[in-house]
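Asker: Contents of start24.cif (mmCIF, C-alpha atoms) are below:
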data_upload
loop_
_atom_site.label_atom_id
_atom_site.label_comp_id
_atom_site.auth_asym_id
_atom_site.auth_seq_id
_atom_site.Cartn_x
_atom_site.Cartn_y
_atom_site.Cartn_z
CA MET A 1028 0.00 0.00 0.00
CA ILE A 1029 1.32 3.44 -0.96
CA ALA A 1030 0.91 6.05 1.76
CA VAL A 1031 0.64 9.77 1.14
CA GLU A 1032 3.30 10.26 3.79
CA ASP A 1033 5.78 8.29 1.66
CA THR A 1034 4.93 10.11 -1.57
CA VAL A 1035 6.50 13.20 -3.14
CA LEU A 1036 4.18 15.66 -4.86
CA VAL A 1037 5.63 17.08 -8.07
CA LEU A 1038 3.78 20.11 -9.41
CA LEU A 1039 4.66 21.12 -12.97
CA ALA A 1040 4.63 24.89 -13.43
CA ALA A 1041 7.18 25.30 -16.22
CA GLY A 1042 6.35 25.84 -19.86
CA ARG A 1043 6.26 28.43 -22.59
CA SER A 1044 2.45 28.77 -22.66
CA GLU A 1045 2.70 29.80 -26.29
CA ARG A 1046 -0.99 29.14 -26.95
CA PHE A 1047 -1.99 31.50 -24.15
CA GLY A 1048 -0.29 34.53 -25.65
CA PRO A 1049 1.54 37.33 -23.78
CA GLY A 1050 2.11 36.88 -20.08
CA ASN A 1051 2.26 33.84 -17.84
CA LYS A 1052 -1.08 32.05 -17.62
CA LEU A 1053 -0.28 30.68 -14.17
CA GLU A 1054 -0.11 34.23 -12.80
CA GLU A 1055 -3.56 35.15 -14.15
CA GLN A 1056 -6.21 35.71 -11.50
CA PHE A 1057 -8.83 33.02 -10.99
CA LEU A 1058 -11.17 33.12 -7.99
CA ALA A 1059 -9.01 35.80 -6.38
CA ARG A 1060 -5.71 33.93 -6.50
CA PRO A 1061 -3.19 33.06 -9.22
CA LEU A 1062 -4.38 30.25 -11.46
CA GLY A 1063 -1.21 28.26 -10.83
CA LEU A 1064 -1.64 28.32 -7.06
CA HIS A 1065 -4.99 26.53 -6.85
CA VAL A 1066 -3.66 22.96 -6.91
CA ALA A 1067 -1.03 23.81 -4.30
CA VAL A 1068 -3.72 25.17 -1.98
CA ALA A 1069 -6.17 22.34 -2.69
CA LEU A 1070 -3.59 19.73 -1.66
CA GLU A 1071 -1.91 21.64 1.17
CA ASP A 1072 -3.49 19.51 3.93
CA MET A 1073 -2.34 16.22 2.40
CA PRO A 1074 0.72 14.97 4.34
CA PHE A 1075 3.13 14.43 1.46
CA ARG A 1076 6.72 13.58 2.35
CA GLU A 1077 7.82 16.54 0.25
CA ARG A 1078 6.37 19.04 -2.20
CA ILE A 1079 8.36 19.96 -5.28
CA VAL A 1080 7.41 22.47 -7.95
CA VAL A 1081 9.27 22.79 -11.24
CA VAL A 1082 9.20 26.34 -12.63
CA ASP A 1083 10.93 28.39 -15.30
CA GLY A 1084 10.44 31.95 -14.12
CA CYS A 1085 6.92 31.97 -12.69
CA ALA A 1086 6.56 34.70 -10.04
CA ILE A 1087 4.21 32.72 -7.78
CA ASP A 1088 5.67 32.21 -4.31
CA TYR A 1089 5.37 28.44 -4.04
CA GLY A 1090 7.93 28.44 -1.24
CA ALA A 1091 5.39 30.10 1.02
CA HIS A 1092 3.24 27.00 0.53
CA HIS A 1093 6.00 24.61 1.59
CA PHE A 1094 7.25 23.68 -1.87
CA ARG A 1095 10.86 23.12 -2.77
CA VAL A 1096 11.35 25.08 -6.00
CA LEU A 1097 13.32 23.57 -8.89
CA HIS A 1098 14.15 25.68 -11.93
CA ASN A 1099 14.05 24.08 -15.36
CA GLY A 1100 16.21 26.48 -17.32
CA ALA A 1101 17.04 24.20 -20.25
CA PRO A 1102 16.48 26.15 -23.49
CA ASP A 1103 15.07 23.06 -25.21
CA ARG A 1104 12.95 22.03 -22.23
CA ASP A 1105 9.68 20.22 -22.57
CA ILE A 1106 7.24 18.98 -19.96
CA ALA A 1107 8.92 15.58 -19.99
CA SER A 1108 12.15 17.18 -18.80
CA SER A 1109 10.31 18.75 -15.86
CA VAL A 1110 8.76 15.40 -15.00
CA ARG A 1111 12.20 13.79 -15.03
CA MET A 1112 13.57 16.51 -12.72
CA GLY A 1113 10.81 15.90 -10.19
CA VAL A 1114 10.98 12.11 -10.33
CA ASP A 1115 14.75 12.13 -10.05
CA CYS A 1116 14.48 14.28 -6.94
CA ALA A 1117 11.83 11.96 -5.46
CA ARG A 1118 14.00 8.93 -6.15
CA ALA A 1119 16.93 10.58 -4.38
CA ARG A 1120 14.70 10.91 -1.30
CA ASP A 1121 13.76 7.23 -1.42
CA ALA A 1122 10.08 8.06 -1.95
CA ALA A 1123 7.64 5.18 -2.32
CA ALA A 1124 5.77 7.04 -5.05
CA VAL A 1125 5.45 10.33 -6.87
CA LEU A 1126 2.27 12.21 -7.70
CA ILE A 1127 2.54 14.31 -10.85
CA ALA A 1128 0.10 17.25 -11.03
CA LEU A 1129 -0.18 20.23 -13.38
CA ALA A 1130 -0.39 23.81 -12.16
CA ASP A 1131 -2.76 24.76 -14.99
CA MET A 1132 -5.48 22.37 -13.73
CA PRO A 1133 -7.01 24.56 -11.00
CA ARG A 1134 -10.07 22.43 -10.22
CA VAL A 1135 -8.32 19.29 -8.96
CA THR A 1136 -9.41 18.31 -5.44
CA ALA A 1137 -7.79 16.46 -2.57
CA ALA A 1138 -10.73 14.03 -2.57
CA HIS A 1139 -9.85 12.91 -6.08
CA ILE A 1140 -6.16 12.53 -5.20
CA TYR A 1141 -7.07 10.29 -2.27
CA ARG A 1142 -9.06 8.16 -4.71
CA LEU A 1143 -5.88 7.69 -6.77
CA PHE A 1144 -4.14 6.38 -3.66
CA ASP A 1145 -7.08 4.08 -2.91
CA ALA A 1146 -6.85 2.66 -6.44
CA ALA A 1147 -3.16 1.92 -5.88
CA SER A 1148 -3.71 0.11 -2.57
CA ASP A 1149 -2.85 -3.35 -3.92
CA LEU A 1150 -0.17 -2.29 -6.41
CA ASP A 1151 2.61 -0.95 -4.20
CA GLY A 1152 5.73 0.00 -6.16
CA ALA A 1153 4.32 -1.05 -9.52
CA ALA A 1154 1.47 1.46 -9.36
CA VAL A 1155 0.50 3.61 -12.32
CA VAL A 1156 -2.80 5.31 -11.57
CA ALA A 1157 -4.06 8.14 -13.77
CA SER A 1158 -7.09 10.39 -13.71
CA SER A 1159 -9.75 10.08 -16.39
CA ASP A 1160 -12.93 11.77 -17.54
CA GLY A 1161 -14.25 8.37 -18.57
CA THR A 1162 -12.67 8.54 -22.00
CA THR A 1163 -9.11 9.82 -21.83
CA PRO A 1164 -6.46 9.31 -19.11
CA CYS A 1165 -4.69 12.44 -17.92
CA PRO A 1166 -2.90 13.98 -14.92
CA PRO A 1167 -2.79 13.91 -11.99
CA VAL A 1168 -0.92 10.61 -12.15
CA LEU A 1169 0.49 8.46 -9.35
CA PHE A 1170 3.65 6.41 -10.06
CA GLY A 1171 5.06 3.84 -7.64
CA ARG A 1172 8.81 3.63 -7.11
CA ASP A 1173 9.17 0.58 -9.38
CA ARG A 1174 8.02 2.80 -12.25
CA PHE A 1175 10.51 5.61 -11.68
CA GLU A 1176 13.00 4.24 -14.18
CA ASP A 1177 10.25 3.91 -16.78
CA VAL A 1178 9.28 7.55 -16.30
CA LEU A 1179 12.89 8.74 -16.38
CA ALA A 1180 13.40 6.90 -19.67
CA ILE A 1181 10.54 8.68 -21.44
CA THR A 1182 11.72 10.90 -24.27
CA GLY A 1183 8.64 11.07 -26.47
CA ASP A 1184 4.87 10.94 -26.48
CA GLN A 1185 4.46 7.26 -27.29
CA GLY A 1186 6.28 6.01 -24.20
CA ALA A 1187 4.13 8.18 -21.96
CA ARG A 1188 0.92 7.04 -23.63
CA ASP A 1189 1.84 3.39 -23.33
CA LEU A 1190 2.80 3.71 -19.67
CA ILE A 1191 -0.39 5.53 -18.70
CA GLN A 1192 -2.66 3.35 -20.79
CA SER A 1193 -1.26 0.25 -19.09
CA GLY A 1194 -2.20 1.57 -15.65
CA ARG A 1195 -5.43 2.06 -13.75
CA HIS A 1196 -7.71 5.01 -14.42
CA VAL A 1197 -9.83 6.75 -11.80
CA VAL A 1198 -12.83 8.49 -13.34
CA THR A 1199 -13.97 11.86 -12.07
CA ASN A 1200 -16.12 14.73 -13.32
CA ALA A 1201 -14.66 16.21 -16.50
CA ALA A 1202 -14.92 19.70 -15.00
CA GLU A 1203 -12.37 18.74 -12.33
CA LEU A 1204 -9.83 17.89 -15.02
CA ILE A 1205 -10.11 21.08 -17.06
CA ASP A 1206 -6.75 22.54 -17.95
CA VAL A 1207 -6.13 26.06 -19.21
CA ASP A 1208 -4.16 26.45 -22.43
CA THR A 1209 -5.60 29.61 -23.96
CA GLN A 1210 -7.11 32.88 -22.79
CA GLU A 1211 -10.46 31.62 -24.07
CA ASP A 1212 -10.12 28.52 -21.87
CA LEU A 1213 -9.54 30.74 -18.85
CA GLN A 1214 -12.49 33.00 -19.61
CA ARG A 1215 -14.86 30.05 -20.10
CA LEU A 1216 -13.66 28.55 -16.81
CA ARG A 1217 -14.23 31.84 -15.01
CA GLU A 1218 -17.76 31.95 -16.35
CA LEU A 1219 -18.41 28.31 -15.45
CA VAL A 1220 -17.75 28.97 -11.76
CA HIS A 1221 -19.05 32.56 -11.80
CA ALA A 1222 -15.63 33.88 -10.88
CA PRO A 1223 -15.59 37.65 -10.22
CA GLU A 1224 -12.84 38.05 -12.82
CA ALA A 1225 -15.31 37.03 -15.52
CA LEU A 1226 -17.24 40.25 -14.94
CA THR A 1227 -14.29 42.29 -16.19
CA ARG A 1228 -14.40 40.64 -19.63
CA PRO A 1229 -16.98 41.55 -22.28
CA GLU A 1230 -16.86 38.16 -23.97
CA SER A 1231 -19.40 35.50 -23.15
CA HIS A 1232 -18.70 31.84 -23.77
CA VAL A 1233 -20.21 28.49 -22.97
CA LEU A 1234 -17.71 26.07 -21.47
CA ARG A 1235 -17.22 22.99 -23.58
CA ALA A 1236 -15.45 19.94 -22.24
CA GLY A 1237 -13.93 19.38 -25.66
CA SER A 1238 -13.94 16.28 -27.78
CA SER A 1239 -12.12 13.14 -26.73
CA GLU A 1240 -9.67 13.81 -29.56
CA GLU A 1241 -8.92 17.29 -28.19
CA ARG A 1242 -8.41 15.97 -24.65
CA ARG A 1243 -6.20 13.16 -25.92
CA ALA A 1244 -4.06 15.62 -27.90
CA ALA A 1245 -3.61 17.70 -24.76
CA PHE A 1246 -2.59 14.64 -22.76
CA ASP A 1247 -0.19 13.45 -25.45
CA SER A 1248 1.68 16.74 -25.12
CA LEU A 1249 2.25 16.22 -21.38
CA LEU A 1250 5.27 13.92 -21.54
#
Translate the structure of the given file into structure tokens.
Answerer:
Amino acid sequence: MIAVEDTVLVLLAAGRSERFGPGNKLEEQFLARPLGLHVAVALEDMPFRERIVVVDGCAIDYGAHHFRVLHNGAPDRDIASSVRMGVDCARARDAAAVLIALADMPRVTAAHIYRLFDAASDLDGAAVVASSDGTTPCPPVLFGRDRFEDVLAITGDQGARDLIQSGRHVVTNAAELIDVDTQEDLQRLRELVHAPEALTRPESHVLRAGSSEERRAAFDSLL
């Protein structure tokens, strides 16, 4: 059984955010706090062994929320390189598992993360447990220590897809797994939850969960 106390949380907050346009999407306001801080706050009462965030210049003060901050300054960085940084750090601390979460998924809850741990209860070090909307697996993802080498060896999309597809998938409401890639995504999310920031924008949108192909394309770009 994998315990939260033996697990390292790795929050990915590095990336070019080219689809979002000017500025850093994680620093945009959502429900009166930076978008990229929501997951950190949602999981702050979970007793992880350690909290690690991988950044590349984000101004959010993750250290104030008990995160160890790692900087991914590689000019050719991709999300897979940030994953490898976090997993390598967790392995050095002899963690039993690592939980990979994305800072641009602000609706993730602690209740769902505990369900990932429940699903891994009989897997121990071999665990690979991903989130799912019922169609497509996606982060957050829990990896047991026996899978660390597999994750560290990933250099392209196919390896990540195969690893996740071979694991268990915990289904939750699609709205909890929304990620923000564009300014339109952020505005639709604000309107979905009636965020006060939505009132400052003239546009009006209806939030769409997106097709399974769109969600799969987004997941394929993770690792």
Asker: Please write the residues picked by the PyMOL selection byres ((chain A and resi 1030) around 10) on this file as a ChimeraX atom specification.
Answerer: /A:1028-1029,1031-1034,1074-1076,1123-1124,1141,1144-1145,1147-1148,1151
Asker: Kindly resolve the PyMOL selection byres ((chain A and resi 1210) around 9) on the present coordinates and return the residues as a list of chain:residue names.
Answerer: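 Taken over the shown coordinates, the PyMOL selection byres ((chain A and resi 1210) around 9) returns A:Arg1046, A:Phe1047, A:Gly1048, A:Lys1052, A:Val1207, A:Asp1208, A:Thr1209, A:Glu1211, A:Asp1212, A:Leu1213, A:Gln1214, A:Arg1215.
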Asker: Just the selected residues (C-alpha atoms), exported as a tab-separated table (two decimals), keeping the file's coordinate frame, please.
Answerer:
chain	number	residue	atom	x	y	z
A	1046	ARG	CA	-0.99	29.14	-26.95
A	1047	PHE	CA	-1.99	31.50	-24.15
A	1048	GLY	CA	-0.29	34.53	-25.65
A	1052	LYS	CA	-1.08	32.05	-17.62
A	1207	VAL	CA	-6.13	26.06	-19.21
A	1208	ASP	CA	-4.16	26.45	-22.43
A	1209	THR	CA	-5.60	29.61	-23.96
A	1211	GLU	CA	-10.46	31.62	-24.07
A	1212	ASP	CA	-10.12	28.52	-21.87
A	1213	LEU	CA	-9.54	30.74	-18.85
A	1214	GLN	CA	-12.49	33.00	-19.61
A	1215	ARG	CA	-14.86	30.05	-20.10
Asker: With 5 Å on each side, where is the centre of the axis-aligned box around all listed atoms of region 1154-1168 of chain A, and how long are its edges in Å to one decimal, as lines of an AutoDock Vina configuration file?
Answerer:
center_x = -6.4
center_y = 7.7
center_z = -15.7
size_x = 25.7
size_y = 22.5
size_z = 22.6
Asker: What does the distance from CA of Val1035 (chain A) to CA of Asp1131 (chain A) come to in Å, to one decimal?
Answerer: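 The value is 19.0 Å.
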Asker: Show which residues sit within 10 Å of region 1064-1071 of chain A, as a JSON list (two decimals) with C-alpha atoms, keeping the file's coordinate frame. Count all atoms listed in the file, and ignore same-chain residues fewer than 6 positions away.
Answerer:
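part.json was written with the following content:
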[["chain", "number", "residue", "atom", "x", "y", "z"],
["A", 1036, "LEU", "CA", 4.18, 15.66, -4.86],
["A", 1038, "LEU", "CA", 3.78, 20.11, -9.41],
["A", 1040, "ALA", "CA", 4.63, 24.89, -13.43],
["A", 1053, "LEU", "CA", -0.28, 30.68, -14.17],
["A", 1054, "GLU", "CA", -0.11, 34.23, -12.80],
["A", 1056, "GLN", "CA", -6.21, 35.71, -11.50],
["A", 1057, "PHE", "CA", -8.83, 33.02, -10.99],
["A", 1058, "LEU", "CA", -11.17, 33.12, -7.99],
["A", 1078, "ARG", "CA", 6.37, 19.04, -2.20],
["A", 1080, "VAL", "CA", 7.41, 22.47, -7.95],
["A", 1087, "ILE", "CA", 4.21, 32.72, -7.78],
["A", 1088, "ASP", "CA", 5.67, 32.21, -4.31],
["A", 1089, "TYR", "CA", 5.37, 28.44, -4.04],
["A", 1092, "HIS", "CA", 3.24, 27.00, 0.53],
["A", 1093, "HIS", "CA", 6.00, 24.61, 1.59],
["A", 1094, "PHE", "CA", 7.25, 23.68, -1.87],
["A", 1128, "ALA", "CA", 0.10, 17.25, -11.03],
["A", 1129, "LEU", "CA", -0.18, 20.23, -13.38],
["A", 1130, "ALA", "CA", -0.39, 23.81, -12.16],
["A", 1131, "ASP", "CA", -2.76, 24.76, -14.99],
["A", 1132, "MET", "CA", -5.48, 22.37, -13.73],
["A", 1133, "PRO", "CA", -7.01, 24.56, -11.00],
["A", 1134, "ARG", "CA", -10.07, 22.43, -10.22],
["A", 1135, "VAL", "CA", -8.32, 19.29, -8.96],
["A", 1136, "THR", "CA", -9.41, 18.31, -5.44],
["A", 1137, "ALA", "CA", -7.79, 16.46, -2.57],
["A", 1138, "ALA", "CA", -10.73, 14.03, -2.57],
["A", 1140, "ILE", "CA", -6.16, 12.53, -5.20]]
Asker: Can you turn the PyMOL selection byres ((chain A and resi 1222) around 12) into a concrete residue list for this file, as a short mmCIF file (atom, residue, chain, number, x, y, z; two decimals) with C-alpha atoms, in the frame of the given file?
Answerer:
data_model
loop_
_atom_site.label_atom_id
_atom_site.label_comp_id
_atom_site.auth_asym_id
_atom_site.auth_seq_id
_atom_site.Cartn_x
_atom_site.Cartn_y
_atom_site.Cartn_z
CA GLN A 1056 -6.21 35.71 -11.50
CA PHE A 1057 -8.83 33.02 -10.99
CA LEU A 1058 -11.17 33.12 -7.99
CA ALA A 1059 -9.01 35.80 -6.38
CA ARG A 1060 -5.71 33.93 -6.50
CA LEU A 1062 -4.38 30.25 -11.46
CA LEU A 1213 -9.54 30.74 -18.85
CA GLN A 1214 -12.49 33.00 -19.61
CA ARG A 1215 -14.86 30.05 -20.10
CA LEU A 1216 -13.66 28.55 -16.81
CA ARG A 1217 -14.23 31.84 -15.01
CA GLU A 1218 -17.76 31.95 -16.35
CA LEU A 1219 -18.41 28.31 -15.45
CA VAL A 1220 -17.75 28.97 -11.76
CA HIS A 1221 -19.05 32.56 -11.80
CA PRO A 1223 -15.59 37.65 -10.22
CA GLU A 1224 -12.84 38.05 -12.82
CA ALA A 1225 -15.31 37.03 -15.52
CA LEU A 1226 -17.24 40.25 -14.94
CA THR A 1227 -14.29 42.29 -16.19
CA ARG A 1228 -14.40 40.64 -19.63
#
Asker: Looking at A:Asp1206, A:Asp1177, A:Glu1077, A:Asp1072, which one is nearest to Val1125 (chain A), with distances taken over all atoms listed in the file?
Answerer: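 So, comparing all the options, the nearest one is A:Glu1077.
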Asker: Quote the spacing between CA of Asp1149 (chain A) and CA of Thr1162 (chain A) in Å to one decimal place.
Answerer: 23.8 Å
Asker: Nearest to Leu1039 (chain A): which of A:Ser1193, A:Ser1159, A:Ser1108, A:Asn1051 is it, counting all atoms listed in the file?
Answerer: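 Using all atoms listed in the file, the shortest distance to Leu1039 (chain A) belongs to A:Ser1108.
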Asker: Select, from A:Leu1143, A:Ala1154, A:Ala1107, A:Ala1101, the residue with the minimum atom-to-atom distance to Val1178 (chain A), counting all atoms listed in the file.
Answerer: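 Using all atoms listed in the file, Val1178 (chain A) sits closest to A:Ala1107.
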Asker: How many Å lie between CA of Gly1152 (chain A) and CA of Thr1182 (chain A), rounded to one decimal?
Answerer: 22.0 Å
Asker: Which is closest to Ala1187 (chain A) among A:Ala1146, A:Ile1106, A:Arg1120, A:Ala1153, if we use all atoms listed in the file?
Answerer: A:Ile1106
Asker: Have a look at A:Met1073, A:Leu1150, A:Ser1158, A:Cys1085 and name the one nearest to Asn1200 (chain A); count only C-alpha atoms.
Answerer: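 Checking each of A:Met1073, A:Leu1150, A:Ser1158, A:Cys1085 against Asn1200 (chain A), counting only C-alpha atoms, the winner is A:Ser1158.
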Asker: Give the answer as one residue: which of A:Leu1097, A:Ala1091, A:Leu1126, A:Ala1201 has the shortest atom-to-atom distance to Gly1171 (chain A), using all atoms listed in the file?
Answerer: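 That would be A:Leu1126, the residue with the smallest distance to Gly1171 (chain A).
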Asker: Residues around (1.0, 9.8, -11.9), cut-off 7 Å, counting all atoms listed in the file - what are they as an MDAnalysis selection string?
Answerer: chainID A and resid 1125:1127 1155:1157 1166:1170
